[in-house]
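Here is the structure we will look at, set down as structure tokens.
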Amino acid sequence: MDIAKLQKAIEGKVYEDEETLKEVETDFGRIVRRTPKALVVPASPQDVQNVVKIAAQEGWSVSVRGSAHSQGGQSLSEGGILIDLSSLDRVESIDTESALVQAGVLLRDLVRETHEKGLIPCVLTDSLDVTVGGALSTAGFGAASHRHGTLSSQVEELEVVTGEGHLVRCSPTENEDLFQCSRCGFGQFSIIVKARIRLRRSAPRVRTYFLLYDNLETLMRDQRKILRGERFNHVESWCAPCSQGMRKLGDVKIPFSEWFYPMHVSLEYGDDEPPGPESLAGLSFYRQVHTEDSTLLEFLSRNDAVVSLWKQTGTWNLSHPWMEALLPWDQAVAYVRGVLKSVPPNLLI
């Protein structure tokens, strides 16, 4: 690989030293390690175009990295060129309906700028420390997806670099096939370098109800009610083990637990009175354990404390062999029950 040729073709930087390459040989999943031959930090979308064009001519492989929140090595490169798009971090414009941003902009930075105008993206992922390009390449699900779909469904247009090194603008009305393939395409059909994201008006405050369920079917019935209406702006739930002590298994005793199902439902509201308990009418939760009011920015960054704790305890640096899947609604209960049955709850306590 002719590194000098690569550096001469761009305004950004090309790194090939062992120390720098070691820093980008893994991702959040930390179950795959791949070492690139060169790391490119572009100064502009044109740099990305030039790198891909040279790579296509020379037969070099190209991978793309943002904040590397992938879990299975998708943002890594083995012996090829790795392009770090986090340097393309400029919010170019914001109007009353959309924001035009480069692919390396963090959602946190985009929210900070749009919030000043009373606007936010329609959907945001649980972590705000992911790039726009990365989120769009992997759909971008969040607590508001029941109302607004994925972040990638809220894109009005993209600017992408194709595999031959062409810089192309695409949208639902211009180069539509490329537009559709680039969204949720994991960077395999093109490299997203710029996007216009649809925005919505937001209220300044959020009330969140912390609900607990002891039955999965009841939780799912309530979720169906919520998803069919527009009662809440944000919904999220998960499974949590509750230790029940020790029980006999043959001649020995083992720890065992039962599964419970927390659900957080949130409503945005203005400077007037917050929504009352009537918001929960018709829901069959086991207990309401907490109610919390916060500013919108506090709510959107609600997982920061968890991430901070993970980093303090070292959990952040462990391997994360996680799997994410979309399930047909009528099969979700059976699937979740099957997974929970195969995972000893005491392992998660």
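Residues in the structure tokens are named by chain (A, B, ... in the order shown) and by number from 1 within that chain; ligands are numbered from 1 in the order shown.
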
Note to self: Residues of segment 80-180 of chain A classed as alpha helix (DSSP H) by DSSP on the backbone are to be reported as a VMD selection string.
What the structure shows: chain A and resid 107 to 115 132 to 137 145 to 148 176 to 180

Which residues are near segment 262-270 of chain A? Cut-off 7 Å, only C-alpha atoms, ignore same chain within fewer than 6 positions. Put them as a list in words.
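After dropping sequence-adjacent residues, the list is Ala203, Pro204, Arg205, Val206, Arg207, Thr208, Tyr209, Phe210, Leu211, Leu212, Tyr213, Phe232, Asn233, His234, Val235, Glu236, Ser237, Trp238 and Cys239 of chain A.
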
Exercise for the section: DSSP on the backbone, then: every residue of segment 180-265 of chain A marked strand (DSSP E), written as a ChimeraX atom specification. Expected result: /A:191-201,205-213,234-237,240-249,252-265

Practice task
Name the residues in contact with Arg183 of chain A at a cut-off of 9 Å, using only C-alpha atoms, excluding same-chain residues fewer than 5 positions from it; report them as a VMD selection string.
Solution key: chain A and resid 136 to 139 152 to 153 155 158 178 192

Selection: 10 Å around Leu85 of chain A, only C-alpha atoms, excl. self and same-chain fewer than 4 positions, as a VMD selection string: chain A and resid 40 to 45 48 64 to 67 89 102 to 105 131 133 to 134 191 to 193

Mind dumping the selected residues with all heavy atoms as a compact mmCIF listing (two decimals), in the first residue's frame?
```txt
# COMPACT_ATOMS: atom_id res chain seq x y z
N VAL A 40 -7.15 6.66 8.04
CA VAL A 40 -7.33 7.95 7.37
C VAL A 40 -8.29 8.81 8.18
O VAL A 40 -9.39 8.37 8.53
CB VAL A 40 -7.88 7.77 5.94
CG1 VAL A 40 -8.20 9.14 5.32
CG2 VAL A 40 -6.88 7.01 5.08
N VAL A 41 -7.87 10.03 8.51
CA VAL A 41 -8.73 11.00 9.19
C VAL A 41 -9.00 12.12 8.19
O VAL A 41 -8.17 13.02 8.02
CB VAL A 41 -8.05 11.54 10.46
CG1 VAL A 41 -8.97 12.54 11.16
CG2 VAL A 41 -7.68 10.39 11.41
N PRO A 42 -10.13 12.08 7.50
CA PRO A 42 -10.39 13.04 6.42
C PRO A 42 -10.70 14.44 6.93
O PRO A 42 -11.22 14.61 8.04
CB PRO A 42 -11.60 12.43 5.71
CG PRO A 42 -12.31 11.68 6.79
CD PRO A 42 -11.24 11.13 7.68
N ALA A 43 -10.39 15.42 6.10
CA ALA A 43 -10.70 16.81 6.43
C ALA A 43 -11.99 17.27 5.76
O ALA A 43 -12.51 18.33 6.09
CB ALA A 43 -9.55 17.72 6.01
N SER A 44 -12.51 16.47 4.84
CA SER A 44 -13.70 16.85 4.09
C SER A 44 -14.30 15.63 3.42
O SER A 44 -13.63 14.59 3.29
CB SER A 44 -13.33 17.88 3.02
OG SER A 44 -12.51 17.27 2.03
N PRO A 45 -15.56 15.72 2.96
CA PRO A 45 -16.14 14.62 2.18
C PRO A 45 -15.33 14.32 0.92
O PRO A 45 -15.26 13.16 0.49
CB PRO A 45 -17.53 15.16 1.82
CG PRO A 45 -17.87 16.09 2.94
CD PRO A 45 -16.58 16.76 3.27
N VAL A 48 -12.74 11.73 1.60
CA VAL A 48 -13.30 10.37 1.58
C VAL A 48 -13.43 9.89 0.15
O VAL A 48 -13.08 8.75 -0.19
CB VAL A 48 -14.67 10.34 2.29
CG1 VAL A 48 -15.25 8.93 2.25
CG2 VAL A 48 -14.54 10.81 3.73
N VAL A 64 -15.17 1.79 7.41
CA VAL A 64 -15.50 3.10 7.96
C VAL A 64 -15.76 2.99 9.46
O VAL A 64 -16.38 2.03 9.92
CB VAL A 64 -16.74 3.69 7.26
CG1 VAL A 64 -17.06 5.07 7.82
CG2 VAL A 64 -16.51 3.78 5.75
N ARG A 65 -15.30 3.99 10.17
CA ARG A 65 -15.46 4.03 11.63
C ARG A 65 -15.99 5.39 12.04
O ARG A 65 -15.58 6.41 11.50
CB ARG A 65 -14.09 3.78 12.27
CG ARG A 65 -14.05 3.85 13.79
CD ARG A 65 -12.61 3.76 14.25
NE ARG A 65 -12.46 3.74 15.70
CZ ARG A 65 -12.33 2.65 16.41
NH1 ARG A 65 -12.32 1.47 15.81
NH2 ARG A 65 -12.20 2.70 17.72
N GLY A 66 -16.94 5.40 12.99
CA GLY A 66 -17.39 6.66 13.58
C GLY A 66 -16.92 6.68 15.03
O GLY A 66 -15.75 6.85 15.32
N SER A 67 -17.87 6.44 15.95
CA SER A 67 -17.48 6.30 17.36
C SER A 67 -17.32 4.83 17.74
O SER A 67 -17.15 4.51 18.91
CB SER A 67 -18.51 6.98 18.27
OG SER A 67 -19.82 6.54 17.97
N ASP A 89 -17.29 16.60 11.58
CA ASP A 89 -18.18 16.84 12.72
C ASP A 89 -18.85 18.21 12.69
O ASP A 89 -19.11 18.81 13.72
CB ASP A 89 -17.40 16.68 14.02
CG ASP A 89 -16.21 17.63 14.12
OD1 ASP A 89 -15.95 18.37 13.15
OD2 ASP A 89 -15.55 17.64 15.17
N GLN A 102 -22.69 16.87 8.84
CA GLN A 102 -21.73 15.89 8.36
C GLN A 102 -21.88 14.60 9.16
O GLN A 102 -22.40 14.58 10.28
CB GLN A 102 -20.31 16.44 8.47
CG GLN A 102 -20.03 17.60 7.54
CD GLN A 102 -18.59 18.08 7.61
OE1 GLN A 102 -17.93 17.98 8.64
NE2 GLN A 102 -18.10 18.62 6.50
N ALA A 103 -21.41 13.51 8.58
CA ALA A 103 -21.66 12.18 9.14
C ALA A 103 -21.00 11.95 10.50
O ALA A 103 -21.46 11.12 11.28
CB ALA A 103 -21.20 11.11 8.16
N GLY A 104 -19.93 12.67 10.80
CA GLY A 104 -19.23 12.45 12.05
C GLY A 104 -19.76 13.23 13.23
O GLY A 104 -19.22 13.14 14.34
N VAL A 105 -20.82 14.00 13.03
CA VAL A 105 -21.43 14.76 14.13
C VAL A 105 -22.02 13.79 15.16
O VAL A 105 -22.77 12.87 14.79
CB VAL A 105 -22.52 15.70 13.61
CG1 VAL A 105 -23.32 16.31 14.75
CG2 VAL A 105 -21.90 16.80 12.76
N THR A 131 -22.28 8.64 16.19
CA THR A 131 -22.30 9.59 15.10
C THR A 131 -23.57 9.45 14.27
O THR A 131 -24.20 8.40 14.24
CB THR A 131 -21.09 9.38 14.17
OG1 THR A 131 -21.15 8.07 13.61
CG2 THR A 131 -19.79 9.57 14.94
N GLY A 133 -23.76 9.39 11.01
CA GLY A 133 -23.53 8.41 9.96
C GLY A 133 -23.65 6.99 10.46
O GLY A 133 -24.24 6.12 9.79
N GLY A 134 -23.11 6.71 11.64
CA GLY A 134 -23.20 5.37 12.21
C GLY A 134 -24.62 4.98 12.54
O GLY A 134 -25.05 3.86 12.27
N ILE A 191 -20.68 5.15 1.49
CA ILE A 191 -20.25 5.77 2.75
C ILE A 191 -21.01 7.08 2.91
O ILE A 191 -20.88 7.98 2.08
CB ILE A 191 -18.73 6.04 2.76
CG1 ILE A 191 -17.96 4.73 2.62
CG2 ILE A 191 -18.32 6.77 4.04
CD1 ILE A 191 -16.46 4.93 2.46
N ILE A 192 -21.80 7.18 3.95
CA ILE A 192 -22.55 8.40 4.22
C ILE A 192 -21.58 9.47 4.73
O ILE A 192 -20.85 9.24 5.70
CB ILE A 192 -23.66 8.17 5.26
CG1 ILE A 192 -24.67 7.15 4.73
CG2 ILE A 192 -24.35 9.48 5.61
CD1 ILE A 192 -25.70 6.72 5.76
N VAL A 193 -21.56 10.63 4.07
CA VAL A 193 -20.69 11.72 4.52
C VAL A 193 -21.48 12.95 4.97
O VAL A 193 -20.93 13.83 5.64
CB VAL A 193 -19.68 12.13 3.42
CG1 VAL A 193 -18.68 10.99 3.17
CG2 VAL A 193 -20.38 12.52 2.13
```

Next item on the list: Can you pull out every residue within 8 Å of Ile81 of chain A, counting only C-alpha atoms, but drop anything in the same chain fewer than 3 positions away, and send it as a list in words?
Entry: Pro36, Lys37, Ala38, Leu39, Val40, Trp60, Ser61, Val62, Ser63 and Ser77 of chain A

Computed gap from atom CA of Ser87 of chain A to atom CA of Glu25 of chain A is 17.9 Å

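Between atom CA of Thr114 of chain A and atom CA of Ile197 of chain A there is a distance of 11.0 Å.
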
12 Å contact set for segment 282-286 of chain A, only C-alpha atoms, chain neighbours under 2 positions out, as a PyMOL selection string: chain A and resi 209-226+231+260-265+277-280+288-289

Can I get the selected residues back with N, CA, C and O atoms, as a CSV table (one decimal), in the first residue's frame?
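out_21.csv, freshly written:
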```csv
chain,number,residue,atom,x,y,z
A,209,TYR,N,-42.8,8.0,34.2
A,209,TYR,CA,-43.3,7.1,35.1
A,209,TYR,C,-42.6,5.7,35.1
A,209,TYR,O,-42.4,5.1,34.0
A,210,PHE,N,-42.1,5.3,36.3
A,210,PHE,CA,-41.3,4.1,36.4
A,210,PHE,C,-42.3,3.0,36.8
A,210,PHE,O,-42.8,3.0,38.0
A,211,LEU,N,-42.6,2.1,35.9
A,211,LEU,CA,-43.6,1.0,36.2
A,211,LEU,C,-43.0,-0.3,36.3
A,211,LEU,O,-41.9,-0.6,35.6
A,212,LEU,N,-43.5,-1.2,37.0
A,212,LEU,CA,-43.0,-2.6,37.2
A,212,LEU,C,-44.1,-3.6,36.9
A,212,LEU,O,-45.2,-3.5,37.4
A,213,TYR,N,-43.7,-4.6,36.1
A,213,TYR,CA,-44.6,-5.7,35.8
A,213,TYR,C,-44.1,-7.0,36.3
A,213,TYR,O,-42.8,-7.2,36.2
A,214,ASP,N,-44.9,-7.9,36.7
A,214,ASP,CA,-44.5,-9.2,37.1
A,214,ASP,C,-44.9,-10.3,36.2
A,214,ASP,O,-44.8,-11.5,36.4
A,215,ASN,N,-45.5,-9.9,35.0
A,215,ASN,CA,-46.0,-10.8,34.1
A,215,ASN,C,-45.7,-10.3,32.7
A,215,ASN,O,-46.1,-9.2,32.3
A,216,LEU,N,-45.1,-11.1,31.8
A,216,LEU,CA,-44.6,-10.7,30.5
A,216,LEU,C,-45.8,-10.4,29.6
A,216,LEU,O,-45.9,-9.4,28.8
A,217,GLU,N,-46.9,-11.3,29.6
A,217,GLU,CA,-48.0,-11.1,28.8
A,217,GLU,C,-48.7,-9.8,29.1
A,217,GLU,O,-49.2,-9.1,28.2
A,218,THR,N,-48.8,-9.5,30.4
A,218,THR,CA,-49.5,-8.2,30.8
A,218,THR,C,-48.7,-7.0,30.3
A,218,THR,O,-49.3,-6.0,29.8
A,219,LEU,N,-47.4,-7.1,30.4
A,219,LEU,CA,-46.6,-6.0,29.9
A,219,LEU,C,-46.8,-5.8,28.4
A,219,LEU,O,-47.0,-4.7,27.9
A,220,MET,N,-46.8,-6.9,27.6
A,220,MET,CA,-47.0,-6.8,26.2
A,220,MET,C,-48.4,-6.3,25.8
A,220,MET,O,-48.5,-5.5,24.9
A,221,ARG,N,-49.4,-6.7,26.6
A,221,ARG,CA,-50.7,-6.1,26.3
A,221,ARG,C,-50.8,-4.6,26.5
A,221,ARG,O,-51.3,-3.9,25.7
A,222,ASP,N,-50.1,-4.2,27.6
A,222,ASP,CA,-50.1,-2.7,27.8
A,222,ASP,C,-49.2,-2.0,26.8
A,222,ASP,O,-49.6,-0.9,26.4
A,223,GLN,N,-48.2,-2.6,26.4
A,223,GLN,CA,-47.4,-2.0,25.3
A,223,GLN,C,-48.2,-1.9,24.0
A,223,GLN,O,-48.0,-0.9,23.3
A,224,ARG,N,-49.0,-2.9,23.7
A,224,ARG,CA,-49.8,-2.8,22.5
A,224,ARG,C,-50.7,-1.6,22.6
A,224,ARG,O,-50.9,-0.9,21.6
A,225,LYS,N,-51.3,-1.4,23.8
A,225,LYS,CA,-52.2,-0.2,24.0
A,225,LYS,C,-51.4,1.1,23.7
A,225,LYS,O,-51.9,2.0,23.0
A,226,ILE,N,-50.2,1.1,24.3
A,226,ILE,CA,-49.4,2.4,24.1
A,226,ILE,C,-49.0,2.6,22.7
A,226,ILE,O,-49.0,3.7,22.2
A,231,ARG,N,-50.2,8.2,23.4
A,231,ARG,CA,-50.3,8.7,24.8
A,231,ARG,C,-48.9,9.2,25.3
A,231,ARG,O,-48.8,10.2,26.0
A,260,PHE,N,-38.6,-10.0,36.5
A,260,PHE,CA,-39.6,-8.9,36.5
A,260,PHE,C,-39.3,-8.0,35.3
A,260,PHE,O,-38.3,-8.1,34.6
A,261,TYR,N,-40.3,-7.1,35.0
A,261,TYR,CA,-40.2,-6.3,33.7
A,261,TYR,C,-40.5,-4.9,34.0
A,261,TYR,O,-41.7,-4.4,34.0
A,262,PRO,N,-39.5,-4.1,34.1
A,262,PRO,CA,-39.7,-2.6,34.3
A,262,PRO,C,-40.1,-2.0,33.0
A,262,PRO,O,-39.6,-2.4,31.9
A,263,MET,N,-40.9,-0.9,33.0
A,263,MET,CA,-41.2,-0.2,31.8
A,263,MET,C,-41.2,1.3,32.2
A,263,MET,O,-41.8,1.7,33.2
A,264,HIS,N,-40.5,2.1,31.4
A,264,HIS,CA,-40.5,3.6,31.6
A,264,HIS,C,-41.3,4.2,30.5
A,264,HIS,O,-41.0,4.0,29.3
A,265,VAL,N,-42.3,5.0,30.9
A,265,VAL,CA,-43.1,5.7,29.9
A,265,VAL,C,-43.0,7.2,30.2
A,265,VAL,O,-43.1,7.6,31.4
A,277,PRO,N,-51.8,11.5,37.1
A,277,PRO,CA,-51.8,10.0,37.1
A,277,PRO,C,-52.9,9.5,36.1
A,277,PRO,O,-52.8,8.3,35.8
A,278,GLU,N,-53.7,10.3,35.6
A,278,GLU,CA,-54.7,9.9,34.6
A,278,GLU,C,-54.0,9.4,33.3
A,278,GLU,O,-54.6,8.7,32.5
A,279,SER,N,-52.7,9.8,33.1
A,279,SER,CA,-52.0,9.4,32.0
A,279,SER,C,-51.8,7.8,32.0
A,279,SER,O,-51.6,7.3,30.9
A,280,LEU,N,-51.9,7.2,33.1
A,280,LEU,CA,-51.6,5.8,33.3
A,280,LEU,C,-52.9,5.0,33.2
A,280,LEU,O,-52.9,3.8,33.4
A,288,GLN,N,-46.4,1.0,40.5
A,288,GLN,CA,-45.7,2.3,40.1
A,288,GLN,C,-44.7,2.6,41.1
A,288,GLN,O,-45.0,2.9,42.3
A,289,VAL,N,-43.4,2.5,40.7
A,289,VAL,CA,-42.3,2.6,41.7
A,289,VAL,C,-41.7,4.0,41.8
A,289,VAL,O,-41.1,4.3,42.8
```

Tell me which of A:Arg169, A:Leu199, A:Arg337, A:Glu176 sits closest to Val123 of chain A, counting only C-alpha atoms.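 When distances to Val123 of chain A are compared using only C-alpha atoms, the smallest one comes from A:Leu199.
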
* Have a look at atom CA of His148 of chain A and atom CA of Ile94 of chain A and let me know their distance in Å, one decimal. =>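 Rounded to one decimal, the two atoms are 19.8 Å apart.
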
- prompt: Looking at A:Gln74, A:Leu119, A:Gly314, A:Ile83, which one is nearest to Tyr15 of chain A, with distances taken over only C-alpha atoms?
  reply: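 Checking each of A:Gln74, A:Leu119, A:Gly314, A:Ile83 against Tyr15 of chain A, counting only C-alpha atoms, the winner is A:Ile83.
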
Need to verify the contact set: Ser319 of chain A, 8 Å, only C-alpha atoms, exclusion of same-chain residues closer than 6 positions in sequence. Can you return it as an NGL selection string? :A and (28-31)

Keeping only N, CA and C atoms, write the selected residues to a file as a CSV table (one decimal), in the first residue's frame.
```csv
chain,number,residue,atom,x,y,z
A,28,PHE,N,-16.8,-1.4,20.4
A,28,PHE,CA,-17.5,-1.5,21.7
A,28,PHE,C,-17.7,-2.9,22.1
A,29,GLY,N,-18.0,-3.8,21.1
A,29,GLY,CA,-18.2,-5.2,21.4
A,29,GLY,C,-17.0,-5.9,22.0
A,30,ARG,N,-15.8,-5.5,21.6
A,30,ARG,CA,-14.5,-6.1,22.1
A,30,ARG,C,-14.5,-7.6,22.0
A,31,ILE,N,-15.1,-8.2,21.0
A,31,ILE,CA,-15.0,-9.6,20.8
A,31,ILE,C,-14.2,-9.9,19.5
```

For Leu297 of chain A, the closest of A:Ser202, A:Ser98, A:Glu11, A:Glu156 counting only C-alpha atoms is A:Ser202
